[in-house]
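run.txt (compact mmCIF, C-alpha atoms)
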# COMPACT_ATOMS: atom_id res chain seq x y z
CA MET Z 17 124.41 114.60 108.60
CA LEU Z 18 123.02 112.55 105.70
CA MET Z 19 126.03 113.55 103.59
CA GLN Z 20 128.35 111.98 106.17
CA TRP Z 21 126.45 108.71 105.93
CA SER Z 22 126.01 108.54 102.15
CA GLY Z 23 126.57 111.16 99.50
CA LEU Z 24 124.28 109.40 97.05
CA ALA Z 25 121.42 109.29 99.58
CA ALA Z 26 121.89 112.99 100.33
CA TRP Z 27 121.60 113.88 96.64
CA ALA Z 28 118.55 111.61 96.26
CA PHE Z 29 116.78 113.30 99.17
CA LEU Z 30 117.68 116.74 97.81
CA LEU Z 31 116.14 115.87 94.43
CA LEU Z 32 113.08 114.42 96.17
CA ASN Z 33 112.65 117.65 98.15
CA VAL Z 34 112.93 119.78 94.99
CA TYR Z 35 110.37 117.55 93.23
CA THR Z 36 107.99 117.86 96.21
CA ILE Z 37 108.25 121.65 96.16
CA LEU Z 38 107.56 121.72 92.40
CA LEU Z 39 104.57 119.40 92.86
CA PHE Z 40 103.24 121.62 95.64
CA LEU Z 41 103.61 124.77 93.51
CA GLY Z 42 101.98 122.99 90.55
CA ASP Z 43 99.03 121.99 92.73
CA ILE Z 44 98.56 125.60 93.86
CA GLN Z 45 98.68 126.77 90.22
CA ALA Z 46 96.17 124.06 89.19
CA ILE Z 47 93.76 125.19 91.91
CA ARG Z 48 94.02 128.79 90.67
CA SER Z 49 93.68 128.05 86.96
CA CYS Z 50 91.19 125.12 86.92
CA PRO Z 51 87.88 126.37 88.33
CA PHE Z 52 84.86 124.14 88.71
CA VAL Z 53 83.00 124.23 85.38
CA LEU Z 54 79.23 123.89 85.07
CA ASN Z 55 77.42 123.85 81.74
CA GLU Z 56 74.10 122.43 80.56
CA LYS Z 57 75.49 118.90 80.18
CA GLU Z 58 78.11 118.38 82.88
CA LEU Z 59 79.83 119.53 86.03
CA VAL Z 60 83.63 119.29 85.98
CA LEU Z 61 85.40 119.27 89.35
CA GLN Z 62 89.19 119.35 89.57
CA PRO Z 63 90.44 120.58 92.93
CA GLY Z 64 94.18 120.58 92.16
CA LEU Z 65 96.34 118.00 90.41
CA ALA Z 66 95.50 115.03 92.61
CA LYS Z 67 91.92 114.24 91.59
CA SER Z 68 89.19 115.09 89.10
CA LEU Z 69 85.59 114.15 88.45
CA THR Z 70 83.21 114.88 85.57
CA ILE Z 71 79.51 114.41 86.33
CA ALA Z 72 76.78 114.42 83.70
CA VAL Z 73 73.92 116.65 84.86
CA SER Z 74 71.55 113.82 83.92
CA ASN Z 75 73.30 111.63 86.55
CA ILE Z 76 72.61 114.04 89.43
CA ARG Z 77 69.78 112.88 91.67
CA SER Z 78 69.78 115.91 93.98
CA ILE Z 79 71.77 118.83 95.33
CA GLU Z 80 71.20 119.96 98.90
CA ARG Z 81 72.93 122.13 101.43
CA TYR Z 82 75.18 119.91 103.52
CA THR Z 83 73.89 119.29 107.03
CA GLY Z 84 75.67 116.03 107.82
CA PRO Z 85 78.48 115.30 110.24
CA GLU Z 86 81.83 116.96 109.77
CA PRO Z 87 83.98 113.84 110.02
CA LEU Z 88 82.64 111.14 107.72
CA THR Z 89 82.71 107.46 108.58
CA LYS Z 90 85.22 105.30 106.68
CA VAL Z 91 82.43 103.78 104.56
CA GLU Z 92 81.03 107.22 103.65
CA ASP Z 93 84.51 108.56 102.94
CA LYS Z 94 85.18 105.78 100.41
CA ARG Z 95 81.99 106.65 98.48
CA THR Z 96 82.37 110.46 98.66
CA PHE Z 97 84.32 112.82 96.42
CA ASP Z 98 85.55 115.71 98.57
CA ALA Z 99 85.95 118.82 96.40
CA VAL Z 100 86.29 121.23 99.31
CA LEU Z 101 89.56 123.13 99.00
CA GLN Z 102 91.45 122.91 102.26
CA GLU Z 103 93.26 125.82 103.76
CA PHE Z 104 94.74 125.44 107.24
CA SER Z 105 91.91 123.38 108.66
CA LYS Z 106 89.24 121.09 107.22
CA GLU Z 107 86.03 123.01 106.55
CA LYS Z 108 82.53 121.61 106.39
CA PRO Z 109 81.25 121.38 102.79
CA ALA Z 110 78.51 123.76 101.65
CA PHE Z 111 76.71 121.34 99.31
CA GLU Z 112 76.09 117.64 98.90
CA ILE Z 113 75.34 116.21 95.47
CA LYS Z 114 73.79 112.73 95.31
CA LEU Z 115 74.31 110.77 92.09
CA ILE Z 116 71.96 108.33 90.38
CA LYS Z 117 74.80 106.01 89.29
CA PRO Z 118 78.33 105.98 90.73
CA GLU Z 119 80.96 107.98 88.84
CA THR Z 120 84.68 107.25 88.54
CA VAL Z 121 87.11 109.67 90.15
CA ARG Z 122 90.51 109.90 88.48
CA MET Z 123 93.25 110.37 91.06
CA VAL Z 124 97.00 110.87 91.02
CA PHE Z 125 99.20 108.02 89.67
CA GLY Z 126 96.26 106.53 87.75
CA PHE Z 127 94.24 105.38 90.77
CA THR Z 128 90.46 105.47 90.52
CA LYS Z 129 87.51 105.11 92.86
CA GLN Z 130 83.75 104.95 92.50
CA VAL Z 131 81.69 107.62 94.26
CA ASP Z 132 77.97 108.26 94.61
CA THR Z 133 78.15 111.45 96.69
CA VAL Z 134 80.02 114.72 96.11
CA HIS Z 135 80.81 117.31 98.77
CA LEU Z 136 81.87 120.75 97.61
CA SER Z 137 82.08 124.42 98.44
CA VAL Z 138 82.11 127.23 95.89
CA ASP Z 139 82.64 130.98 95.99
CA ASP Z 140 79.14 132.03 94.86
CA GLY Z 141 77.19 129.33 96.64
CA GLN Z 142 73.65 130.65 96.16
CA ILE Z 143 74.05 131.22 92.41
CA PHE Z 144 75.70 127.80 91.93
CA PHE Z 145 72.95 126.11 93.94
CA GLU Z 146 70.11 127.75 91.98
CA VAL Z 147 71.66 127.13 88.55
CA LEU Z 148 72.56 123.49 89.23
CA ARG Z 149 69.20 122.75 90.84
CA GLY Z 150 67.46 124.29 87.80
CA LEU Z 151 69.52 122.17 85.40
CA VAL Z 152 68.81 119.01 87.39
CA GLU Z 153 65.07 119.73 87.50
CA ASN Z 154 65.04 120.37 83.74
CA GLN Z 155 66.80 117.04 83.16
CA HIS Z 156 64.33 115.18 85.37
CA GLU Z 157 61.33 116.81 83.63
CA SER Z 158 62.62 115.89 80.16
CA ARG Z 159 62.84 112.17 81.02
Structure re-expressed in structure tokens:
Amino acid sequence: MLMQWSGLAAWAFLLLNVYTILLFLGDIQAIRSCPFVLNEKELVLQPGLAKSLTIAVSNIRSIERYTGPEPLTKVEDKRTFDAVLQEFSKEKPAFEIKLIKPETVRMVFGFTKQVDTVHLSVDDGQIFFEVLRGLVENQHESR
């Protein structure tokens, strides 16, 4: 139908569809090959190609199990980095990390935003929670 209207538009939409499929496959591959990384100095979160955040452990105020509301308000959503990988439906995050100073999230096409809260879920939640809480407590004691 589009080809009957304009051949050039049909080819443009075909190329756009191919690009979208490649971007989607690249995002899946990035999720598989870029795990969340935690070491003694920083926590690196990159859930796919669209956004990434690196947090210094010294900038973490607290980590708690998330007990808040499932849908965030617009104000909270603007200040929150959501690192929960979505499947077919939006899941409630397992943890909430509060930051001392806002961090800059790098997003697709060079956009950025400032966040002071991070929501995330991980595979081994208890181990992650204990290790990160220990690192944060060590940082606070050494100040």
Test item: residues at most 12 Å from Z:Glu56, all atoms listed in the file, excluding those fewer than 4 positions along its chain, as an mmCIF file with C-alpha atoms, keeping the file's coordinate frame:
data_model
loop_
_atom_site.group_PDB
_atom_site.id
_atom_site.type_symbol
_atom_site.label_atom_id
_atom_site.label_comp_id
_atom_site.auth_asym_id
_atom_site.auth_seq_id
_atom_site.Cartn_x
_atom_site.Cartn_y
_atom_site.Cartn_z
ATOM 1 C CA VAL Z 60 83.630 119.290 85.980
ATOM 2 C CA ILE Z 71 79.510 114.410 86.330
ATOM 3 C CA ALA Z 72 76.780 114.420 83.700
ATOM 4 C CA VAL Z 73 73.920 116.650 84.860
ATOM 5 C CA SER Z 74 71.550 113.820 83.920
ATOM 6 C CA VAL Z 147 71.660 127.130 88.550
ATOM 7 C CA LEU Z 148 72.560 123.490 89.230
ATOM 8 C CA ARG Z 149 69.200 122.750 90.840
ATOM 9 C CA GLY Z 150 67.460 124.290 87.800
ATOM 10 C CA LEU Z 151 69.520 122.170 85.400
ATOM 11 C CA VAL Z 152 68.810 119.010 87.390
ATOM 12 C CA GLU Z 153 65.070 119.730 87.500
ATOM 13 C CA ASN Z 154 65.040 120.370 83.740
ATOM 14 C CA GLN Z 155 66.800 117.040 83.160
#
Within 7 Å of Z:Val100 using only C-alpha atoms, minus same-chain residues under 6 positions, as a ChimeraX atom specification: /Z:109,135-137
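From atom CA of Z:Leu54 back to atom CA of Z:Gln142, the distance works out to 14.1 Å.
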Non-local contacts of Z:Asp93 (12 Å; only C-alpha atoms; under 3 positions in same chain excluded) as a ChimeraX atom specification: /Z:85-90,96-98,129-135
Kindly provide, as JSON, the centre and edge lengths (Å, one decimal) of an axis-aligned box around all atoms of stretch 143-146 of chain Z given in the file, with 3 Å on each side.
{"center_x": 72.9, "center_y": 128.7, "center_z": 92.9, "size_x": 11.6, "size_y": 11.1, "size_z": 8.0}
Proximity to Z:Arg81 - best of Z:Ile37, Z:Leu31, Z:Ile143, Z:Ala110, all atoms listed in the file: Z:Ala110
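For the pair atom CA of Z:Lys106 and atom CA of Z:Arg77, the interatomic distance is 26.2 Å.
When only C-alpha atoms are used to measure the gap to Z:Phe52, the shortest distance among Z:Leu101, Z:Leu115, Z:Leu38, Z:Val91 belongs to Z:Leu101.
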Of the listed residues Z:Asp43, Z:Asp140, Z:Glu80, Z:Glu112, that which approaches Z:Gly64 most closely, counting all atoms listed in the file: Z:Asp43
Selection as JSON, numbers by chain: residues within 9 Å of (92.0, 116.4, 90.9), counting only C-alpha atoms: {"Z": [46, 61, 62, 63, 64, 65, 66, 67, 68, 69, 99, 121, 122, 123, 124]}
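Rounded to one decimal, atom CA of Z:Ser78 and atom CA of Z:Ile113 lie 5.8 Å from each other.
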